[in-house]
file upload-v2.pdb (PDB, C-alpha atoms)
ATOM      1  CA  MET Y 103    -221.798  -2.845  94.615  1.00  0.00           C
ATOM      2  CA  ASP Y 104    -224.640  -4.071  96.803  1.00  0.00           C
ATOM      3  CA  GLY Y 105    -223.018  -4.824 100.150  1.00  0.00           C
ATOM      4  CA  GLN Y 106    -226.188  -6.585 101.287  1.00  0.00           C
ATOM      5  CA  ASP Y 107    -225.531  -9.363  98.724  1.00  0.00           C
ATOM      6  CA  VAL Y 108    -223.154 -11.833 100.387  1.00  0.00           C
ATOM      7  CA  LEU Y 109    -222.461 -13.785  97.210  1.00  0.00           C
ATOM      8  CA  GLY Y 110    -221.934 -10.575  95.224  1.00  0.00           C
ATOM      9  CA  VAL Y 111    -219.452  -9.329  97.823  1.00  0.00           C
ATOM     10  CA  ARG Y 112    -217.593 -12.630  97.628  1.00  0.00           C
ATOM     11  CA  GLU Y 113    -217.469 -12.505  93.834  1.00  0.00           C
ATOM     12  CA  ALA Y 114    -216.255  -8.886  93.778  1.00  0.00           C
ATOM     13  CA  SER Y 115    -213.672  -9.664  96.457  1.00  0.00           C
ATOM     14  CA  ASP Y 116    -212.412 -12.694  94.536  1.00  0.00           C
ATOM     15  CA  GLU Y 117    -212.033 -10.551  91.396  1.00  0.00           C
ATOM     16  CA  ALA Y 118    -210.227  -7.828  93.340  1.00  0.00           C
ATOM     17  CA  VAL Y 119    -207.803 -10.341  94.841  1.00  0.00           C
ATOM     18  CA  LYS Y 120    -207.111 -11.875  91.407  1.00  0.00           C
ATOM     19  CA  ARG Y 121    -206.419  -8.443  89.962  1.00  0.00           C
ATOM     20  CA  VAL Y 122    -204.026  -7.482  92.741  1.00  0.00           C
ATOM     21  CA  ARG Y 123    -202.212 -10.821  92.652  1.00  0.00           C
ATOM     22  CA  SER Y 124    -201.791 -10.561  88.881  1.00  0.00           C
ATOM     23  CA  GLY Y 125    -199.832  -7.351  89.385  1.00  0.00           C
ATOM     24  CA  SER Y 126    -202.483  -4.990  88.036  1.00  0.00           C
ATOM     25  CA  GLY Y 127    -202.167  -2.709  91.053  1.00  0.00           C
ATOM     26  CA  PRO Y 128    -204.380  -1.908  93.998  1.00  0.00           C
ATOM     27  CA  VAL Y 129    -208.164  -2.250  93.928  1.00  0.00           C
ATOM     28  CA  PHE Y 130    -210.842  -0.397  95.827  1.00  0.00           C
ATOM     29  CA  VAL Y 131    -214.128  -2.238  96.407  1.00  0.00           C
ATOM     30  CA  GLU Y 132    -217.031  -0.046  97.493  1.00  0.00           C
ATOM     31  CA  ALA Y 133    -219.814  -2.101  99.035  1.00  0.00           C
ATOM     32  CA  MET Y 134    -222.882  -0.024  99.865  1.00  0.00           C
ATOM     33  CA  THR Y 135    -224.569  -1.537 102.898  1.00  0.00           C
ATOM     34  CA  TYR Y 136    -227.005  -0.720 105.680  1.00  0.00           C
ATOM     35  CA  ARG Y 137    -225.871  -0.590 109.281  1.00  0.00           C
ATOM     36  CA  PHE Y 138    -228.429  -2.336 111.507  1.00  0.00           C
ATOM     37  CA  ARG Y 139    -226.918  -0.956 114.705  1.00  0.00           C
ATOM     38  CA  GLY Y 140    -225.635   2.422 115.806  1.00  0.00           C
ATOM     39  CA  HIS Y 141    -222.080   3.655 115.440  1.00  0.00           C
ATOM     40  CA  SER Y 142    -221.436   2.708 119.064  1.00  0.00           C
ATOM     41  CA  VAL Y 143    -223.307   1.736 122.234  1.00  0.00           C
ATOM     42  CA  ALA Y 144    -223.728   5.465 122.898  1.00  0.00           C
ATOM     43  CA  ASP Y 145    -225.538   6.005 119.572  1.00  0.00           C
ATOM     44  CA  ALA Y 146    -229.277   6.445 120.259  1.00  0.00           C
ATOM     45  CA  GLN Y 147    -229.997   6.271 116.501  1.00  0.00           C
ATOM     46  CA  ALA Y 148    -232.406   9.213 116.698  1.00  0.00           C
ATOM     47  CA  TYR Y 149    -231.785   9.800 112.985  1.00  0.00           C
ATOM     48  CA  ARG Y 150    -233.846   6.762 111.898  1.00  0.00           C
ATOM     49  CA  SER Y 151    -236.928   4.924 113.086  1.00  0.00           C
ATOM     50  CA  ARG Y 152    -237.318   1.389 114.385  1.00  0.00           C
ATOM     51  CA  ASP Y 153    -239.692   0.794 111.464  1.00  0.00           C
ATOM     52  CA  GLU Y 154    -236.926   1.683 108.989  1.00  0.00           C
ATOM     53  CA  ILE Y 155    -234.462  -0.673 110.656  1.00  0.00           C
ATOM     54  CA  GLY Y 156    -237.116  -3.403 110.843  1.00  0.00           C
ATOM     55  CA  ALA Y 157    -237.963  -3.046 107.156  1.00  0.00           C
ATOM     56  CA  TRP Y 158    -234.299  -3.357 106.209  1.00  0.00           C
ATOM     57  CA  ARG Y 159    -233.880  -6.417 108.437  1.00  0.00           C
ATOM     58  CA  GLU Y 160    -236.982  -8.078 107.038  1.00  0.00           C
ATOM     59  CA  ASN Y 161    -236.147  -7.537 103.375  1.00  0.00           C
ATOM     60  CA  ASN Y 162    -232.398  -7.002 103.134  1.00  0.00           C
ATOM     61  CA  ASP Y 163    -230.606  -8.872 105.908  1.00  0.00           C
ATOM     62  CA  PRO Y 164    -227.564 -10.371 104.131  1.00  0.00           C
ATOM     63  CA  LEU Y 165    -227.234 -13.377 106.424  1.00  0.00           C
ATOM     64  CA  GLY Y 166    -230.959 -14.040 106.455  1.00  0.00           C
ATOM     65  CA  ASN Y 167    -231.087 -13.861 102.667  1.00  0.00           C
ATOM     66  CA  LEU Y 168    -228.111 -16.215 102.341  1.00  0.00           C
ATOM     67  CA  ARG Y 169    -229.720 -18.610 104.799  1.00  0.00           C
ATOM     68  CA  ASN Y 170    -232.991 -18.577 102.839  1.00  0.00           C
ATOM     69  CA  LEU Y 171    -231.128 -19.165  99.568  1.00  0.00           C
ATOM     70  CA  ALA Y 172    -229.140 -22.081 101.021  1.00  0.00           C
ATOM     71  CA  MET Y 173    -232.342 -23.734 102.250  1.00  0.00           C
ATOM     72  CA  ALA Y 174    -234.256 -23.024  99.021  1.00  0.00           C
ATOM     73  CA  GLU Y 175    -231.427 -24.570  96.981  1.00  0.00           C
ATOM     74  CA  GLY Y 176    -231.302 -27.612  99.276  1.00  0.00           C
ATOM     75  CA  ILE Y 177    -227.720 -26.852 100.296  1.00  0.00           C
ATOM     76  CA  MET Y 178    -228.536 -26.656 104.000  1.00  0.00           C
ATOM     77  CA  GLU Y 179    -231.438 -27.381 106.320  1.00  0.00           C
ATOM     78  CA  GLU Y 180    -232.713 -25.562 109.378  1.00  0.00           C
ATOM     79  CA  SER Y 181    -230.953 -28.083 111.612  1.00  0.00           C
ATOM     80  CA  ASP Y 182    -227.618 -27.188 109.972  1.00  0.00           C
ATOM     81  CA  PHE Y 183    -228.082 -23.548 110.967  1.00  0.00           C
ATOM     82  CA  VAL Y 184    -229.093 -24.503 114.491  1.00  0.00           C
ATOM     83  CA  GLU Y 185    -225.884 -26.542 114.814  1.00  0.00           C
ATOM     84  CA  MET Y 186    -223.736 -23.745 113.338  1.00  0.00           C
ATOM     85  CA  ASP Y 187    -225.259 -21.295 115.811  1.00  0.00           C
ATOM     86  CA  ARG Y 188    -224.600 -23.683 118.702  1.00  0.00           C
ATOM     87  CA  GLU Y 189    -220.978 -24.139 117.641  1.00  0.00           C
ATOM     88  CA  ALA Y 190    -220.419 -20.402 117.223  1.00  0.00           C
ATOM     89  CA  ARG Y 191    -221.890 -19.662 120.655  1.00  0.00           C
ATOM     90  CA  ALA Y 192    -219.631 -22.318 122.194  1.00  0.00           C
ATOM     91  CA  VAL Y 193    -216.547 -20.710 120.613  1.00  0.00           C
ATOM     92  CA  VAL Y 194    -217.581 -17.277 121.910  1.00  0.00           C
ATOM     93  CA  ASP Y 195    -218.360 -18.629 125.378  1.00  0.00           C
ATOM     94  CA  GLU Y 196    -214.935 -20.304 125.499  1.00  0.00           C
ATOM     95  CA  ALA Y 197    -213.196 -17.087 124.420  1.00  0.00           C
ATOM     96  CA  VAL Y 198    -215.065 -15.057 127.044  1.00  0.00           C
ATOM     97  CA  GLU Y 199    -214.188 -17.571 129.751  1.00  0.00           C
ATOM     98  CA  PHE Y 200    -210.530 -17.492 128.695  1.00  0.00           C
ATOM     99  CA  ALA Y 201    -210.479 -13.687 128.761  1.00  0.00           C
ATOM    100  CA  GLU Y 202    -212.210 -13.463 132.126  1.00  0.00           C
ATOM    101  CA  ASN Y 203    -209.818 -16.003 133.667  1.00  0.00           C
ATOM    102  CA  SER Y 204    -206.656 -14.492 132.188  1.00  0.00           C
ATOM    103  CA  PRO Y 205    -204.460 -12.156 134.215  1.00  0.00           C
ATOM    104  CA  GLU Y 206    -204.494  -8.457 133.400  1.00  0.00           C
ATOM    105  CA  PRO Y 207    -201.619  -7.528 131.096  1.00  0.00           C
ATOM    106  CA  PRO Y 208    -198.944  -5.227 132.518  1.00  0.00           C
ATOM    107  CA  PRO Y 209    -199.224  -1.513 131.615  1.00  0.00           C
ATOM    108  CA  GLU Y 210    -196.033  -1.679 129.548  1.00  0.00           C
ATOM    109  CA  ALA Y 211    -197.818  -4.081 127.149  1.00  0.00           C
ATOM    110  CA  LEU Y 212    -200.170  -1.296 126.062  1.00  0.00           C
ATOM    111  CA  PHE Y 213    -198.185  -0.536 122.926  1.00  0.00           C
ATOM    112  CA  ASP Y 214    -197.252  -4.109 121.995  1.00  0.00           C
ATOM    113  CA  HIS Y 215    -198.159  -4.996 118.414  1.00  0.00           C
ATOM    114  CA  VAL Y 216    -199.220  -1.428 117.567  1.00  0.00           C
ATOM    115  CA  TYR Y 217    -196.305  -0.659 115.247  1.00  0.00           C
ATOM    116  CA  ALA Y 218    -194.150  -3.020 113.218  1.00  0.00           C
ATOM    117  CA  ASP Y 219    -190.713  -3.587 114.678  1.00  0.00           C
TER     118      ASP Y 219
END

call {"tool": "encode", "arguments": {"input": "upload-v2.pdb", "output": "structure tokens"}}
result
Amino acid sequence: MDGQDVLGVREASDEAVKRVRSGSGPVFVEAMTYRFRGHSVADAQAYRSRDEIGAWRENNDPLGNLRNLAMAEGIMEESDFVEMDREARAVVDEAVEFAENSPEPPPEALFDHVYAD
């Protein structure tokens, strides 16, 4: 399926969940998508050009496309997205502050929650 289509991914996921919950067995959903960033911070992305990435962002950015659809359908306005962005940044800022002000965990906690007990 087209992993760039947010609504399509949701629909396919909903169908997969229904199938599994009905007892029809496991489901594999393959969502073909484009990675806008490298595999890691060490990935120089020498295997593709900035123009390629820019073209994908301009024409196929899932969140941008969903945003445009929501505004075109009158579901949301620009101010709604500005407020959502502000709220999300506040949550992240609070989490960063909490992490920076928390004590370091002891070394013996390294393997906590790695395996089920």

call {"tool": "resolve_selection", "arguments": {"input": "upload-v2.pdb", "expression": "the PyMOL selection byres ((chain Y and resi 104-112) around 6)", "output": "short mmCIF file (atom, residue, chain, number, x, y, z; two decimals) with C-alpha atoms, in the coordinates of the input"}}
result
data_model
loop_
_atom_site.label_atom_id
_atom_site.label_comp_id
_atom_site.auth_asym_id
_atom_site.auth_seq_id
_atom_site.Cartn_x
_atom_site.Cartn_y
_atom_site.Cartn_z
CA MET Y 103 -221.80 -2.84 94.62
CA GLU Y 113 -217.47 -12.50 93.83
CA ALA Y 114 -216.26 -8.89 93.78
CA SER Y 115 -213.67 -9.66 96.46
CA ALA Y 133 -219.81 -2.10 99.04
CA MET Y 134 -222.88 -0.02 99.86
CA THR Y 135 -224.57 -1.54 102.90
CA PRO Y 164 -227.56 -10.37 104.13
#

call {"tool": "resolve_selection", "arguments": {"input": "upload-v2.pdb", "expression": "the PyMOL selection byres ((chain Y and resi 167-171) around 12)", "output": "MDAnalysis selection string"}}
result
chainID Y and resid 106:111 158:166 172:184 186

call {"tool": "atom_distance", "arguments": {"input": "upload-v2.pdb", "atom1": "CA of Ser151 (chain Y)", "atom2": "CA of Tyr136 (chain Y)"}}
result
13.6 Å

call {"tool": "closest_residue", "arguments": {"input": "upload-v2.pdb", "among": "Y:Phe138, Y:Ala144, Y:Glu117, Y:Phe213", "to": "Gly156 (chain Y)", "atoms": "only C-alpha atoms"}}
result
Y:Phe138

call {"tool": "atom_distance", "arguments": {"input": "upload-v2.pdb", "atom1": "CA of Ala192 (chain Y)", "atom2": "CA of Pro205 (chain Y)"}}
result
21.9 Å

call {"tool": "atom_distance", "arguments": {"input": "upload-v2.pdb", "atom1": "CA of Asp214 (chain Y)", "atom2": "CA of Ala201 (chain Y)"}}
result
17.7 Å
